[in-house]
$ cat data-v1.txt   # compact mmCIF, C-alpha atoms
# COMPACT_ATOMS: atom_id res chain seq x y z
CA GLY A 54 25.18 123.09 37.69
CA GLU A 55 23.88 120.12 35.82
CA ILE A 56 25.25 118.07 32.97
CA TRP A 57 22.82 116.80 30.37
CA MET A 58 23.72 114.40 27.60
CA HIS A 59 21.33 113.10 24.94
CA GLN A 60 18.28 114.52 26.79
CA ARG A 61 19.27 112.86 30.06
CA LYS A 62 20.64 114.51 33.20
CA ILE A 63 23.74 112.55 34.09
CA SER A 64 25.44 114.66 36.74
CA SER A 65 23.65 113.97 40.02
CA GLY A 66 20.63 112.73 41.90
CA ALA A 67 18.38 109.89 40.82
CA ASP A 68 19.43 110.37 37.19
CA TYR A 69 23.15 109.94 37.94
CA LEU A 70 24.73 107.84 35.23
CA PRO A 71 28.15 106.25 35.84
CA ALA A 72 30.88 107.42 33.46
CA GLU A 73 31.22 104.04 31.76
CA LYS A 74 27.55 104.15 30.70
CA ARG A 75 27.50 107.70 29.31
CA GLU A 76 28.50 106.75 25.77
CA ALA A 77 31.05 109.56 25.58
CA GLY A 78 34.62 109.17 24.41
CA LEU A 79 37.32 111.26 26.09
CA VAL A 80 40.59 112.51 24.62
CA PHE A 81 42.91 114.41 26.93
CA GLN A 82 45.80 116.85 26.43
CA ASP A 83 48.20 114.02 27.23
CA ALA A 84 47.41 110.91 25.17
CA ALA A 85 47.19 108.92 28.45
CA LEU A 86 47.97 105.61 26.75
CA PHE A 87 48.88 102.56 28.80
CA PRO A 88 52.67 102.29 28.31
CA HIS A 89 52.78 98.53 28.90
CA LEU A 90 50.13 97.79 26.25
CA THR A 91 50.51 97.68 22.48
CA VAL A 92 48.63 100.06 20.21
CA PHE A 93 46.19 97.22 19.51
CA ASP A 94 45.58 96.58 23.22
CA ASN A 95 45.25 100.30 24.00
CA ILE A 96 42.51 100.66 21.38
CA ALA A 97 40.80 97.41 22.40
CA PHE A 98 40.85 98.32 26.10
CA GLY A 99 37.22 99.49 26.41
CA LEU A 100 35.70 97.13 23.88
CA LYS A 101 33.23 94.38 24.67
CA GLY A 102 32.55 91.31 22.57
CA SER A 103 34.45 88.33 21.28
CA ARG A 104 38.15 88.42 20.49
CA ARG A 105 37.31 88.42 16.76
CA GLU A 106 34.85 91.32 17.12
CA LYS A 107 37.40 93.34 19.08
CA SER A 108 40.11 92.61 16.52
CA GLU A 109 37.85 93.70 13.65
CA ARG A 110 36.93 96.96 15.43
CA VAL A 111 40.57 97.73 16.26
CA ASP A 112 41.52 97.11 12.62
CA GLU A 113 38.77 99.56 11.55
CA MET A 114 40.14 102.17 13.96
CA LEU A 115 43.74 101.62 12.84
CA GLU A 116 42.64 102.14 9.25
CA LEU A 117 40.72 105.28 10.23
CA ILE A 118 43.73 106.85 11.98
CA LYS A 119 46.15 105.63 9.30
CA LEU A 120 48.29 103.53 11.65
CA ARG A 121 47.51 100.03 10.38
CA ASP A 122 51.17 98.95 10.57
CA SER A 123 51.55 100.07 14.20
CA ARG A 124 49.28 97.57 15.96
CA LYS A 125 52.19 95.82 17.75
CA LYS A 126 54.08 98.98 18.72
CA ARG A 127 54.13 100.38 22.23
CA PRO A 128 53.36 104.05 22.94
CA HIS A 129 57.03 105.01 23.42
CA GLU A 130 57.70 103.89 19.82
CA LEU A 131 55.21 106.42 18.44
CA SER A 132 55.50 110.14 17.77
CA GLY A 133 53.35 112.55 19.78
CA GLY A 134 50.89 112.88 16.91
CA GLU A 135 50.65 109.12 16.49
CA GLN A 136 50.02 108.73 20.23
CA GLN A 137 47.17 111.26 20.04
CA ARG A 138 45.69 109.41 17.06
CA VAL A 139 45.76 106.17 19.08
CA ALA A 140 44.06 107.98 21.97
CA ILE A 141 41.38 109.17 19.54
CA ALA A 142 40.94 105.64 18.17
CA ARG A 143 40.59 104.30 21.71
CA ALA A 144 37.91 106.91 22.44
CA LEU A 145 36.05 106.14 19.19
CA ALA A 146 36.34 102.33 19.28
CA PRO A 147 33.30 101.69 21.54
CA SER A 148 31.16 103.85 19.17
CA PRO A 149 30.23 106.58 21.64
CA LYS A 150 27.46 109.05 20.85
CA SER A 151 29.79 111.99 21.42
CA LEU A 152 33.45 112.84 21.91
CA LEU A 153 34.92 115.20 24.48
CA LEU A 154 38.33 116.64 23.57
CA ASP A 155 40.27 118.46 26.28
CA GLU A 156 43.03 120.45 24.55
CA PRO A 157 44.18 117.40 22.59
CA PHE A 158 46.53 119.38 20.32
CA SER A 159 48.30 121.63 22.84
CA ASN A 160 51.38 119.41 23.26
CA LEU A 161 52.07 119.22 19.51
CA ASP A 162 54.13 121.43 17.21
CA SER A 163 52.17 123.86 15.04
CA ARG A 164 52.36 121.84 11.80
CA LEU A 165 51.24 118.66 13.52
CA ARG A 166 48.47 120.52 15.38
CA VAL A 167 46.90 121.64 12.09
CA GLU A 168 47.34 118.23 10.46
CA LEU A 169 45.86 116.29 13.38
CA ARG A 170 43.02 118.79 13.84
CA GLU A 171 42.04 118.32 10.19
CA GLU A 172 42.25 114.53 10.54
CA ILE A 173 40.01 114.56 13.62
CA CYS A 174 37.45 116.79 11.88
CA SER A 175 37.40 114.33 8.99
CA ILE A 176 37.01 111.36 11.35
CA LEU A 177 34.16 113.04 13.23
CA ARG A 178 32.35 113.75 9.97
CA SER A 179 32.87 110.20 8.71
CA GLU A 180 31.58 108.79 12.01
CA ASN A 181 28.72 111.38 12.08
CA MET A 182 29.66 112.24 15.66
CA SER A 183 29.23 115.33 17.81
CA ALA A 184 32.21 116.62 19.73
CA ILE A 185 33.07 119.22 22.31
CA LEU A 186 36.57 120.68 22.01
CA VAL A 187 38.03 122.65 24.91
CA THR A 188 40.77 125.01 23.74
CA HIS A 189 42.37 128.35 24.49
CA ASP A 190 43.56 128.67 20.88
CA GLN A 191 41.27 130.93 18.83
CA GLU A 192 42.56 129.68 15.47
CA GLU A 193 41.94 126.12 16.57
CA ALA A 194 38.40 126.93 17.74
CA PHE A 195 37.47 128.78 14.56
CA SER A 196 38.82 126.07 12.27
CA PHE A 197 37.33 123.14 14.20
CA ALA A 198 33.88 124.27 15.29
CA ASP A 199 30.49 124.48 13.69
CA ARG A 200 29.30 126.28 16.82
CA LEU A 201 31.38 128.15 19.42
CA VAL A 202 30.82 128.94 23.08
CA VAL A 203 33.13 131.67 24.37
CA MET A 204 33.63 131.51 28.14
CA HIS A 205 35.35 133.83 30.60
CA ASP A 206 35.82 133.08 34.30
CA GLY A 207 33.41 130.14 34.04
CA SER A 208 30.58 132.10 32.46
CA VAL A 209 29.28 131.93 28.91
CA GLU A 210 30.01 135.23 27.17
CA GLN A 211 28.77 134.44 23.65
CA THR A 212 27.58 131.54 21.49
CA GLY A 213 27.29 131.35 17.71
CA SER A 214 28.85 130.16 14.51
CA PRO A 215 32.55 130.91 13.94
CA THR A 216 31.50 133.60 11.43
CA GLU A 217 29.12 135.25 13.91
CA ILE A 218 31.69 135.23 16.69
CA TYR A 219 34.46 136.57 14.44
CA HIS A 220 32.46 139.36 12.82
CA TYR A 221 30.29 140.32 15.81
CA PRO A 222 32.32 139.65 18.98
CA LYS A 223 30.86 140.71 22.32
$ encode --input "data-v1.txt" --output "structure tokens"
Amino acid sequence: GEIWMHQRKISSGADYLPAEKREAGLVFQDAALFPHLTVFDNIAFGLKGSRREKSERVDEMLELIKLRDSRKKRPHELSGGEQQRVAIARALAPSPKSLLLDEPFSNLDSRLRVELREEICSILRSENMSAILVTHDQEEAFSFADRLVVMHDGSVEQTGSPTEIYHYPK
């Protein structure tokens, strides 16, 4: 198949675009933070610009994820939910056009899953950003999405709004 992003084929051939130029943030199931770096340095990792510009952007992200007082902490000093919030801040810091989330809540307890899911939805709205969430959790999909794509064995089975999918499943 082909992968298109922002009206540009990025997956292969003459239009191939290296990952670092795709303007897409990635958040994985495991926070995948650098254990030897502080929260500040993890968020600043992909940023370009002067030291002052990076510091200002990291401060914005720390405020957004409500972890302003954690800038000097290392990942092992954070809870699982806090680690995921740092991973989200790191993905958002370079101001990507879109965010790809690969089961980012699956390693969290149910209360924290709901809380973090709501926080991420709020962040995406405040940043006016599109996102793709991969999940096997129906409740998560219905509560997170404006539009759903239901897949089975690698094929698209149905697309629509959460209401359409719920009331008229194929």
$ axis_aligned_box --input "data-v1.txt" --around "range 187-193 of chain A" --padding-each-side "8 Å" --output "AutoDock Vina command-line options"
--center_x 40.8 --center_y 126.8 --center_z 20.2 --size_x 21.5 --size_y 24.3 --size_z 25.4
$ closest_residue --input "data-v1.txt" --among "A:Gln82, A:Gln191, A:Ser108, A:Ser214" --to "Ala146 in chain A" --atoms "all atoms listed in the file"
A:Ser108
$ residues_around --input "data-v1.txt" --residues "range 179-189 of chain A" --least-positions-apart "4" --cutoff "9 Å" --atoms "only C-alpha atoms" --output "list in words"
Leu145, Ser148, Pro149, Lys150, Ser151, Leu152, Leu153, Leu154, Asp155, Glu156, Pro157, Phe158, Ser159, Cys174, Ser175, Glu193, Ala194, Phe197 and Ala198 of chain A
$ closest_residue --input "data-v1.txt" --among "A:Asp122, A:Glu192, A:Glu135, A:Asp83" --to "Pro215 in chain A" --atoms "only C-alpha atoms"
A:Glu192
$ atom_distance --input "data-v1.txt" --atom1 "CA of Pro128 in chain A" --atom2 "CA of Leu86 in chain A"
6.8 Å
$ atom_distance --input "data-v1.txt" --atom1 "CA of Tyr219 in chain A" --atom2 "CA of Leu177 in chain A"
23.6 Å
$ closest_residue --input "data-v1.txt" --among "A:Ser163, A:Ser65, A:Gln136, A:Gln211" --to "Pro88 in chain A" --atoms "all atoms listed in the file"
A:Gln136
$ atom_distance --input "data-v1.txt" --atom1 "CA of Phe195 in chain A" --atom2 "CA of Gln60 in chain A"
26.9 Å
